[in-house]
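Student: Take this structure, written in structure tokens, and hold onto it; I'll ask about it next.
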4 protein chains.
Amino acid sequence: MANNSFGTLLNVTSFGESHGSGIGCIVDGVPPKLPLSEALIQPYLDRRRPGTSKFVTQRKEDDQVEILSGVFEGKTTGTPISLLIRNKDQRSKDYSEIANQFRPGHADYTYQMKYGYRDYRGGGRSSARETAIRVAAGAIADMLLKAALGKEYQIRGAVVQIGPHAVDKNKMDWNERHNNPFFCPDATMAGQWATYLDKVRKTGSSAGAILEIVADGIPVGLGQPVYGKLDAELAAAMMSINAAKGVEIGGGFALSSIDGSLASDEMRAGKNLETPSFLSNHAGGILGGISTGQQVVVRVAIKPTSSILTPRKSINNDNQNIDVVTKGRHDPCVGIRGVPVAEAMMSLVLADLLMRHKAQCGFNFC
Amino acid sequence: MANNSFGTLLNVTSFGESHGSGIGCIVDGVPPKLPLSEALIQPYLDRRRPGTSKFVTQRKEDDQVEILSGVFEGKTTGTPISLLIRNKDQRSKDYSEIANQFRPGHADYTYQMKYGYRDYRGGGRSSARETAIRVAAGAIADMLLKAALGKEYQIRGAVVQIGPHAVDKNKMDWNERHNNPFFCPDATMAGQWATYLDKVRKTGSSAGAILEIVADGIPVGLGQPVYGKLDAELAAAMMSINAAKGVEIGGGFALSSIDGSLASDEMRAGKNLETPSFLSNHAGGILGGISTGQQVVVRVAIKPTSSILTPRKSINNDNQNIDVVTKGRHDPCVGIRGVPVAEAMMSLVLADLLMRHKAQCGFNFC
Amino acid sequence: MANNSFGTLLNVTSFGESHGSGIGCIVDGVPPKLPLSEALIQPYLDRRRPGTSKFVTQRKEDDQVEILSGVFEGKTTGTPISLLIRNKDQRSKDYSEIANQFRPGHADYTYQMKYGYRDYRGGGRSSARETAIRVAAGAIADMLLKAALGKEYQIRGAVVQIGPHAVDKNKMDWNERHNNPFFCPDATMAGQWATYLDKVRKTGSSAGAILEIVADGIPVGLGQPVYGKLDAELAAAMMSINAAKGVEIGGGFALSSIDGSLASDEMRAGKNLETPSFLSNHAGGILGGISTGQQVVVRVAIKPTSSILTPRKSINNDNQNIDVVTKGRHDPCVGIRGVPVAEAMMSLVLADLLMRHKAQCGFNFC
Amino acid sequence: MANNSFGTLLNVTSFGESHGSGIGCIVDGVPPKLPLSEALIQPYLDRRRPGTSKFVTQRKEDDQVEILSGVFEGKTTGTPISLLIRNKDQRSKDYSEIANQFRPGHADYTYQMKYGYRDYRGGGRSSARETAIRVAAGAIADMLLKAALGKEYQIRGAVVQIGPHAVDKNKMDWNERHNNPFFCPDATMAGQWATYLDKVRKTGSSAGAILEIVADGIPVGLGQPVYGKLDAELAAAMMSINAAKGVEIGGGFALSSIDGSLASDEMRAGKNLETPSFLSNHAGGILGGISTGQQVVVRVAIKPTSSILTPRKSINNDNQNIDVVTKGRHDPCVGIRGVPVAEAMMSLVLADLLMRHKAQCGFNFC
């Protein structure tokens, strides 16, 4: 993959730093005549916006997106769409102290050593602020998929674990995740998380999370083996999210322990070849890197926020031992706001693969 | 990523099917003057070769590689290197029965539906046979890294779990993995796996596995954020391996449950900025998508082999319900031979990112 | 090449339409620590700016560029650099008439038929206004090349023919092109062109041009055969400029008529292998797609401006025959302002190939 | 463009040297169910084969292509197609003398300096022998275009000038080019060329040529502005051919001298918007980088063969002055056999852009 570009046919190139003038992207390859406006993108951004509850960062950003190109009279023209979100609440002075420090768990040290120079304010380019623009780009992909695949299609994400507290799969209610600040699909667990995160915050620490993203209404056939496989593209997409440390598809790591006779998904004939019944979905909707027509299921592990008030041992630019305490306004659990980001990445992957599939397999003789 | 190409500057394009004339690849972008010959590649292939123990497929392939181009008088010339392995022991008749069947857990159904047509013999392109050529390409990447990074550099892989039986991290002895047919870094566990897999084979079933691949001697600075991150590239690489269902870096999924104050790796000053001490390696040697200079650690979940003798419900090309029994010669645990493949993929990712790093950050003014 | 992205390692993705909110681009892959600011880019843009003489369009655009990212305290950080130029003098009403018309020689018909929908204002994305941002991106490439190659390096462009009036190669004086509004390297010819273009304008017509761009101080070795050849990349770059209809390298088309004994450039030994003398430069500094160390020479043919006052036969969206007269503010000879654009494209190609060369051939063992 | 890969969706990666074991390529992205076999490709190769007349090299190569993958029971499967042509008549000893010499006009010097090492036999990778495999890959593209576009589609190439002797455009008869060894569309001129080339050969020299390639039956809409324009892609494709020094589209360089009122192509309404009449074709069938539906017209300038018997001044690896005489078996005019190569490159560009167009603009809402 290119450095800051993602996708082959639906191509997103992003830019921007946490405390620069703004963040933005160019989405190239979008089909023409798709209805698009700032108003249509904004709801996606609002789901990821900071400052909406005490469990996320208190930085105040309204994250208003501006469409700079590629849209004419409310519809896409097929030309590149540029999106821009100006930064507003950059309190750079919060960061003057870390100009010379390498915060443990952050990219300060690696950026400094790779580039020999860095914009240290808020982590610069390595900040999760960059993910806002992924959500904006993902909104376009989502609208494209809706237009192309119809109303059976939808992508939904949830937090299924915070710290050691996991949602019971059998109690998941997707609608519930709109009723709490955690995208939690289980009301009882949402209550537990609130208590847990309050405690975590008060001790000056943070918590990790596991996200689950599922796509419905995906037709059989998406994925370009053997290196552009749907699961490979999803893995790259999810692992590129800040603080992600693991990705699994369907049964994932747990599948490794299961007996082979139980691990693959049996089939029964449906109305036609396109619509068989699968008796299970261990594969997470992907076989040989190609969608099966089942629900596509991905889980992402997010490590605990590295910016914490607890002092941590580190070094500085002058190679001296120091202690680091990260003040500023931080998410006690970055995984929460990761949900709309992971949804966006899945939209982008699927839209790109849909276009690639059409390009190769959409001929009259195929 | 392109369909069958992998890597940006060190670019591998592969071809071939399980029961066609052979498998091969073109490795483009290799620096000139690197010593290279068939004899130098062969040992890598021998580690993955079938038929070497009763725990892997009994298909007889000597996997002799031929270098078709790009090498002159024992050294690379900077031009594309083409590698070819002819198939020898293709008993296609083994597969006549499955021409019309979709084996559960295999890509038969998805290839048929995506392309409307498929080479069903041994799974065709979706067969793990394709991974042999990744090992050959990875050998070149490994030799390139050795030449560039020196003798501190090495990439090692092991199986750390088969079925429910996991190696104890504290008992791992990397040298031990040469002494058993499982790449197992623990002699006692190797014995247990032998018993377990014998039983699995006899019941006509199969087992999954978890692989761990680590790289030593990787300098700080490799990885091209924010989409060409080292971990994102590794995730795509590993998830593109047949039967892979999960990838994690360093602490991985377990990190999600840990308290934030314990999750990031503290640092102490070393001789210079390039050589700090890290007091732990939860990050798996990657921060912000860039190598830290620590050991790079990846784990891959491999599902149980889908080709089993136990009858499974499925459908056929005519949309009829059938039962499928997969005869032929199969690995009871495909994860085992996945080790050299995963090592190869890590070599390819690191070599590509080393070249990309040099290209961007190797100027005299940097 | 991607739709709106150019370059492999030094990657430019551009956006924007003639009468939208602005034009811009993201330049990804720029090495860190390169001094950069709006003030350093502006002089490049000023050379292409409209409204500077009566021989170019009278549209008033000050073409002030804003750097949105990738630069911190006056130096690049290695992260993507986004550049934005807001449009100011979009008199869209000038174009209301052409909303429904296909202007001969313009892209109105092809955009309408390709996308089924178009931003007709000023040609939308197909307008030469897009080239302003190429000049801004090229400025970064030029500064990178200067920093890397030293003061022997320079790229210079000139108009060497307008209409049928060609500059005599033996009378070319590169310094002269700063003294006239045509980038003409011959004072006498500049006078003739002024008279000629005045007449062309008064008759409501337009003129074509031939540009010549040369690069000095380019080391031997740039170019990535066999498809990433220096000449192939230059040809694509130049032909992507609006109104370009031909590209030639060195002797170009004229070489086809020359006897073979005169067509290749003889060599004499210099101080070392890097510095031979070539007795001629028919090859335009490129052999086998790789720079020879000589001056790199490219010429580009630009067709006459298609926007003219002379009525032309055409059709409209309703498939009716019409006559088209193109009013508005247009360059009588778009070739003139093509010079800084073609220079920029050459800078971008060379900087990209320099990085690609370093990546492959810069190892200690090469 | 990648080093040895060409095309975005229909992607060709080639390998091989003049005197190595063979040349080959992988064609990735080919749609499934396209009839394909060695027998279908061979006629394309036969048109380019050496040794067919005294006006081309006397090297004896039957250029038999082997399909190694991607085809099953006579049809493509959608997986990568690998093609291999073994070299047969490599008289490497012909080249022992040049191991240490840099032949003027050849890539010997640039390959040596770029890579520090080279396969000098017959020019190694820089030899025009590589173009054989482009013809094989182009054959697939041509068959794909035929299947997709129907029988109105065809690509035809001719030599329209050898040395100073140009075919009169008004006398061109495309059928005639099958009746002479020059792909000459004018019987009288073919006779003159025979006499001229006989003289050139006897004097130990060589001749250049101009090729013209035209495509019929190309629908309006192909081309991906602003960097993946049809003309930009064609320019790169043609300039990547060995010995090419110029490319022009439609009126090309001559358009620069024409009055603007005559330079663009007027239109008249046809049966529907897809089928207007154009009253001329100065644009060569391309406006704004997108096909107009007219004939696509490209011309390529090929320099005289650099391998000649006339002694030329040069240097050697030891930086000594020498005289070079190039013996061996060479084409007196490499332009002749360039015709099928240029046709192939045009097929590849058009097929790739057709797929890219379908991917972006083929949605039901477009």
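Scheme for the structure tokens: letters A, B, ... for chains in order shown; per-chain residue numbers from 1; ligand numbers from 1 in order shown.
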Can you work out which residues from chain B touch chain C at a cut-off of 8 Å (counting only C-alpha atoms) and hand them back as a compact mmCIF listing (two decimals) with all heavy atoms, in the first residue's frame?
Tutor:
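Writing done, so here's out.txt:
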# COMPACT_ATOMS: atom_id res chain seq x y z
N LEU B 9 7.89 -1.74 -3.59
CA LEU B 9 9.19 -1.63 -4.28
C LEU B 9 9.80 -3.01 -4.52
O LEU B 9 10.39 -3.26 -5.56
CB LEU B 9 10.14 -0.76 -3.47
CG LEU B 9 9.77 0.72 -3.43
CD1 LEU B 9 10.82 1.50 -2.67
CD2 LEU B 9 9.58 1.31 -4.82
N GLY B 29 12.31 -5.45 -8.65
CA GLY B 29 12.84 -4.43 -7.77
C GLY B 29 14.01 -4.86 -6.91
O GLY B 29 14.53 -4.07 -6.11
N VAL B 30 14.45 -6.10 -7.07
CA VAL B 30 15.57 -6.59 -6.26
C VAL B 30 16.83 -5.78 -6.60
O VAL B 30 17.14 -5.58 -7.77
CB VAL B 30 15.82 -8.09 -6.52
CG1 VAL B 30 17.02 -8.59 -5.73
CG2 VAL B 30 14.57 -8.91 -6.20
N PRO B 31 17.55 -5.32 -5.59
CA PRO B 31 18.79 -4.59 -5.85
C PRO B 31 19.79 -5.46 -6.61
O PRO B 31 19.76 -6.68 -6.49
CB PRO B 31 19.32 -4.27 -4.44
CG PRO B 31 18.11 -4.32 -3.56
CD PRO B 31 17.23 -5.37 -4.16
N PRO B 32 20.66 -4.83 -7.36
CA PRO B 32 21.67 -5.58 -8.12
C PRO B 32 22.81 -6.07 -7.22
O PRO B 32 22.99 -5.58 -6.12
CB PRO B 32 22.19 -4.55 -9.12
CG PRO B 32 21.96 -3.23 -8.47
CD PRO B 32 20.72 -3.38 -7.62
N LYS B 33 23.54 -7.04 -7.72
CA LYS B 33 24.78 -7.54 -7.11
C LYS B 33 24.56 -8.37 -5.85
O LYS B 33 25.50 -8.60 -5.09
CB LYS B 33 25.77 -6.39 -6.85
CG LYS B 33 26.21 -5.73 -8.15
CD LYS B 33 27.07 -4.52 -7.93
CE LYS B 33 28.54 -4.84 -7.79
NZ LYS B 33 29.35 -3.60 -7.83
N LEU B 34 23.33 -8.83 -5.65
CA LEU B 34 23.06 -9.73 -4.53
C LEU B 34 23.35 -11.15 -5.02
O LEU B 34 22.80 -11.58 -6.03
CB LEU B 34 21.58 -9.59 -4.14
CG LEU B 34 21.12 -10.26 -2.85
CD1 LEU B 34 21.67 -9.54 -1.63
CD2 LEU B 34 19.58 -10.26 -2.80
N GLY B 78 19.42 -6.57 -11.04
CA GLY B 78 18.49 -5.46 -10.87
C GLY B 78 17.27 -5.59 -11.77
O GLY B 78 16.33 -4.81 -11.65
N ALA B 147 21.96 -9.14 3.83
CA ALA B 147 23.04 -8.35 3.22
C ALA B 147 22.98 -6.90 3.70
O ALA B 147 24.00 -6.25 3.90
CB ALA B 147 22.95 -8.42 1.70
N ALA B 148 21.77 -6.40 3.90
CA ALA B 148 21.62 -4.99 4.24
C ALA B 148 21.75 -4.73 5.73
O ALA B 148 22.27 -3.70 6.15
CB ALA B 148 20.27 -4.48 3.74
N MET B 355 13.30 -0.73 1.76
CA MET B 355 13.56 0.01 0.53
C MET B 355 12.75 1.31 0.48
O MET B 355 13.26 2.35 0.05
CB MET B 355 13.24 -0.88 -0.68
CG MET B 355 14.22 -2.05 -0.82
SD MET B 355 13.74 -3.26 -2.10
CE MET B 355 14.02 -2.28 -3.57
N ARG B 356 11.51 1.24 0.94
CA ARG B 356 10.69 2.46 0.94
C ARG B 356 11.23 3.49 1.92
O ARG B 356 11.17 4.70 1.66
CB ARG B 356 9.23 2.10 1.27
CG ARG B 356 8.57 1.32 0.13
CD ARG B 356 7.34 0.58 0.57
NE ARG B 356 6.20 1.48 0.76
CZ ARG B 356 5.00 1.08 1.13
NH1 ARG B 356 4.76 -0.21 1.33
NH2 ARG B 356 4.04 1.94 1.29
N HIS B 357 11.73 3.00 3.04
CA HIS B 357 12.31 3.92 4.01
C HIS B 357 13.57 4.61 3.45
O HIS B 357 13.73 5.82 3.57
CB HIS B 357 12.65 3.18 5.29
CG HIS B 357 13.31 4.03 6.32
ND1 HIS B 357 12.68 5.10 6.92
CD2 HIS B 357 14.57 4.01 6.84
CE1 HIS B 357 13.52 5.69 7.76
NE2 HIS B 357 14.66 5.05 7.72
N LYS B 358 14.43 3.82 2.84
CA LYS B 358 15.64 4.39 2.24
C LYS B 358 15.29 5.44 1.19
O LYS B 358 15.93 6.47 1.09
CB LYS B 358 16.46 3.29 1.53
CG LYS B 358 17.30 2.43 2.41
CD LYS B 358 17.94 1.29 1.61
CE LYS B 358 18.87 1.79 0.54
NZ LYS B 358 20.19 2.23 1.07
N ALA B 359 14.27 5.12 0.39
CA ALA B 359 13.90 6.03 -0.69
C ALA B 359 13.47 7.39 -0.15
O ALA B 359 13.78 8.43 -0.71
CB ALA B 359 12.78 5.42 -1.52
N GLN B 360 12.72 7.36 0.94
CA GLN B 360 12.20 8.64 1.46
C GLN B 360 13.15 9.33 2.42
O GLN B 360 13.27 10.55 2.40
CB GLN B 360 10.85 8.43 2.16
CG GLN B 360 10.20 9.75 2.57
CD GLN B 360 8.87 9.61 3.28
OE1 GLN B 360 8.52 8.54 3.72
NE2 GLN B 360 8.14 10.69 3.39
N CYS B 361 13.78 8.56 3.28
CA CYS B 361 14.54 9.16 4.39
C CYS B 361 16.04 9.01 4.25
O CYS B 361 16.78 9.28 5.20
CB CYS B 361 14.05 8.58 5.72
SG CYS B 361 12.29 8.88 6.01
N PHE B 363 18.10 10.68 2.19
CA PHE B 363 18.80 11.80 1.56
C PHE B 363 19.79 12.44 2.53
O PHE B 363 19.61 12.38 3.75
CB PHE B 363 17.79 12.85 1.06
CG PHE B 363 17.08 12.41 -0.19
CD1 PHE B 363 15.90 11.68 -0.11
CD2 PHE B 363 17.61 12.70 -1.43
CE1 PHE B 363 15.25 11.27 -1.27
CE2 PHE B 363 16.96 12.28 -2.59
CZ PHE B 363 15.79 11.57 -2.51
N ASN B 364 20.79 13.05 1.97
CA ASN B 364 21.83 13.67 2.78
C ASN B 364 21.29 14.76 3.69
O ASN B 364 21.84 15.04 4.75
CB ASN B 364 22.95 14.24 1.89
CG ASN B 364 22.41 15.18 0.82
OD1 ASN B 364 21.28 15.02 0.34
ND2 ASN B 364 23.20 16.17 0.46
N PHE B 365 20.18 15.39 3.30
CA PHE B 365 19.63 16.47 4.12
C PHE B 365 18.65 15.96 5.18
O PHE B 365 18.12 16.73 5.97
CB PHE B 365 18.97 17.54 3.25
CG PHE B 365 17.91 17.01 2.34
CD1 PHE B 365 16.64 16.74 2.83
CD2 PHE B 365 18.17 16.77 1.00
CE1 PHE B 365 15.66 16.24 1.98
CE2 PHE B 365 17.20 16.27 0.16
CZ PHE B 365 15.94 16.01 0.65
N CYS B 366 18.37 14.65 5.15
CA CYS B 366 17.37 14.12 6.10
C CYS B 366 18.00 13.98 7.50
O CYS B 366 19.18 13.77 7.64
CB CYS B 366 16.85 12.77 5.65
SG CYS B 366 15.78 12.87 4.21
Student: Quick one: residues within 9 Å of B:Lys88, only C-alpha atoms counted, chain neighbours fewer than 3 positions away excluded, as number ranges by chain?
Tutor: B: 19, 21-22, 60-63, 91
Student: So, counting only C-alpha atoms, which residue among C:Ile81, C:Asp119, C:Arg47, C:Gln58 is closest to A:Ile23?
Tutor: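 Ranking C:Ile81, C:Asp119, C:Arg47, C:Gln58 by distance to A:Ile23, first place goes to C:Ile81.
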Student: Looking only at alpha helix (DSSP H) from DSSP on the backbone, list the matching residues of stretch 74-302 of chain C as a PyMOL selection string.
Tutor: chain C and resi 108-115+131-149+187-202+230-239+260-263
Student: For D:Met238, list every protein, DNA or RNA residue within 7 Å, evaluated using only C-alpha atoms, and leave out those in the same chain fewer than 2 positions away; present the list as a compact mmCIF listing (two decimals) with C-alpha atoms, in the first residue's frame.
Tutor:
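Saved as result_31.txt:
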# COMPACT_ATOMS: atom_id res chain seq x y z
CA LEU D 234 -0.64 5.51 -24.87
CA ALA D 235 2.35 7.84 -24.77
CA ALA D 236 3.94 5.90 -21.91
CA SER D 240 8.53 2.29 -23.47
CA ILE D 241 9.19 0.44 -26.74
CA VAL D 247 4.83 9.79 -29.84
CA VAL D 300 5.62 6.50 -32.98
CA ALA D 342 3.01 -1.08 -30.88
CA MET D 345 0.76 -1.90 -26.44
Student: If we count only C-alpha atoms and set the cut-off at 10 Å, which residues sit around C:Glu176, ignoring sequence neighbours fewer than 4 positions away in its own chain? Please answer as number ranges by chain.
Tutor: C: 158, 172, 180, 183-187, 190
Student: If you count only C-alpha atoms, which residues fall within 12 Å of A:Val324, apart from same-chain ones fewer than 5 positions away, as a list in words?
Tutor: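 The neighbour list is Glu97, Ile98, Ala99, Asn100, Gln101, Phe102, Arg103, Pro104, Gly105, His106, Ser306, Ser307, Ile308, Leu309, Thr310, Pro311, Arg312, Lys313, Ser314, Ile315 and Asn316 of chain A; Ser261, Glu266, Met267 and Arg268 of chain B.
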Student: Out of B:Phe182, B:Glu66, B:Ser126, B:Leu83, which residue has the shortest atom-to-atom distance to A:Tyr227 when counting only C-alpha atoms?
Tutor: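 Checking each candidate against A:Tyr227, we get B:Ser126 as the closest.
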Student: I'd like the interatomic distance between atom CA of B:Ala107 and atom CA of A:Ser277, to a tenth of an Å.
Tutor: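 Those two atoms sit 16.0 Å apart.
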Student: Determine the nearest neighbour of B:Ile302 from the options A:Gly260, A:Gly191, A:Gly328, A:Gly335, counting only C-alpha atoms.
Tutor: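 So, comparing all the options, the nearest one is A:Gly260.
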Student: Just want the 8 Å neighbourhood of stretch 208-211 of chain A, counted on only C-alpha atoms, with same-chain residues fewer than 2 positions away dropped. Output as a PyMOL selection string.
Tutor: (chain A and resi 157-163+206+213+299-305+333-336+338-339) or (chain B and resi 253+255-260)
Student: Using only C-alpha atoms, determine which residues lie at most 10 Å from C:Ser14, disregarding the query and same-chain residues fewer than 5 positions distant; provide the list as a short mmCIF file (atom, residue, chain, number, x, y, z; two decimals) with C-alpha atoms, in the first residue's frame.
Tutor:
data_model
loop_
_atom_site.label_atom_id
_atom_site.label_comp_id
_atom_site.auth_asym_id
_atom_site.auth_seq_id
_atom_site.Cartn_x
_atom_site.Cartn_y
_atom_site.Cartn_z
CA ILE A 26 -9.05 13.08 -1.65
CA ASP A 28 -10.70 9.32 -6.19
CA THR A 79 -13.81 13.50 -10.57
CA PRO A 80 -11.79 13.45 -7.32
CA ILE A 81 -13.67 14.50 -4.20
CA SER A 82 -11.64 16.51 -1.73
CA ASN C 3 -6.83 8.40 -12.31
CA ASN C 4 -5.75 11.52 -10.45
CA SER C 5 -2.50 10.35 -8.89
CA PHE C 6 0.92 10.68 -10.45
CA ILE C 23 -7.87 23.29 -6.73
CA GLY C 24 -5.37 21.40 -4.66
CA CYS C 25 -3.30 18.32 -4.21
CA ILE C 26 -1.60 16.02 -1.75
CA VAL C 27 2.09 15.39 -2.28
CA SER C 82 -1.57 19.20 1.14
CA LEU C 83 -1.72 22.31 -1.01
CA LEU C 84 -4.81 24.39 -1.65
CA GLU C 130 -5.89 22.13 -12.80
CA THR C 131 -2.33 22.63 -14.00
CA ILE C 133 -1.56 22.79 -8.73
CA ARG C 134 0.89 20.72 -10.75
CA ALA C 137 3.64 20.25 -6.56
CA VAL D 226 -6.31 13.64 -15.43
CA TYR D 227 -3.23 11.39 -15.16
#
Student: Please give the complete set of residues from stretch 109-337 of chain C that DSSP, run on the backbone, assigns to strand (DSSP E or B), formatted as a ChimeraX atom specification.
Tutor: /C:154-162,165-166,209-216,224,228,244-249,267-268,277-278,286-287,290-291,296-302,312-316,321-324
Student: Atom CA of B:Lys114 to atom CA of A:Leu348: how many Å, to one decimal?
Tutor: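 Rounded to one decimal, the two atoms are 19.9 Å apart.
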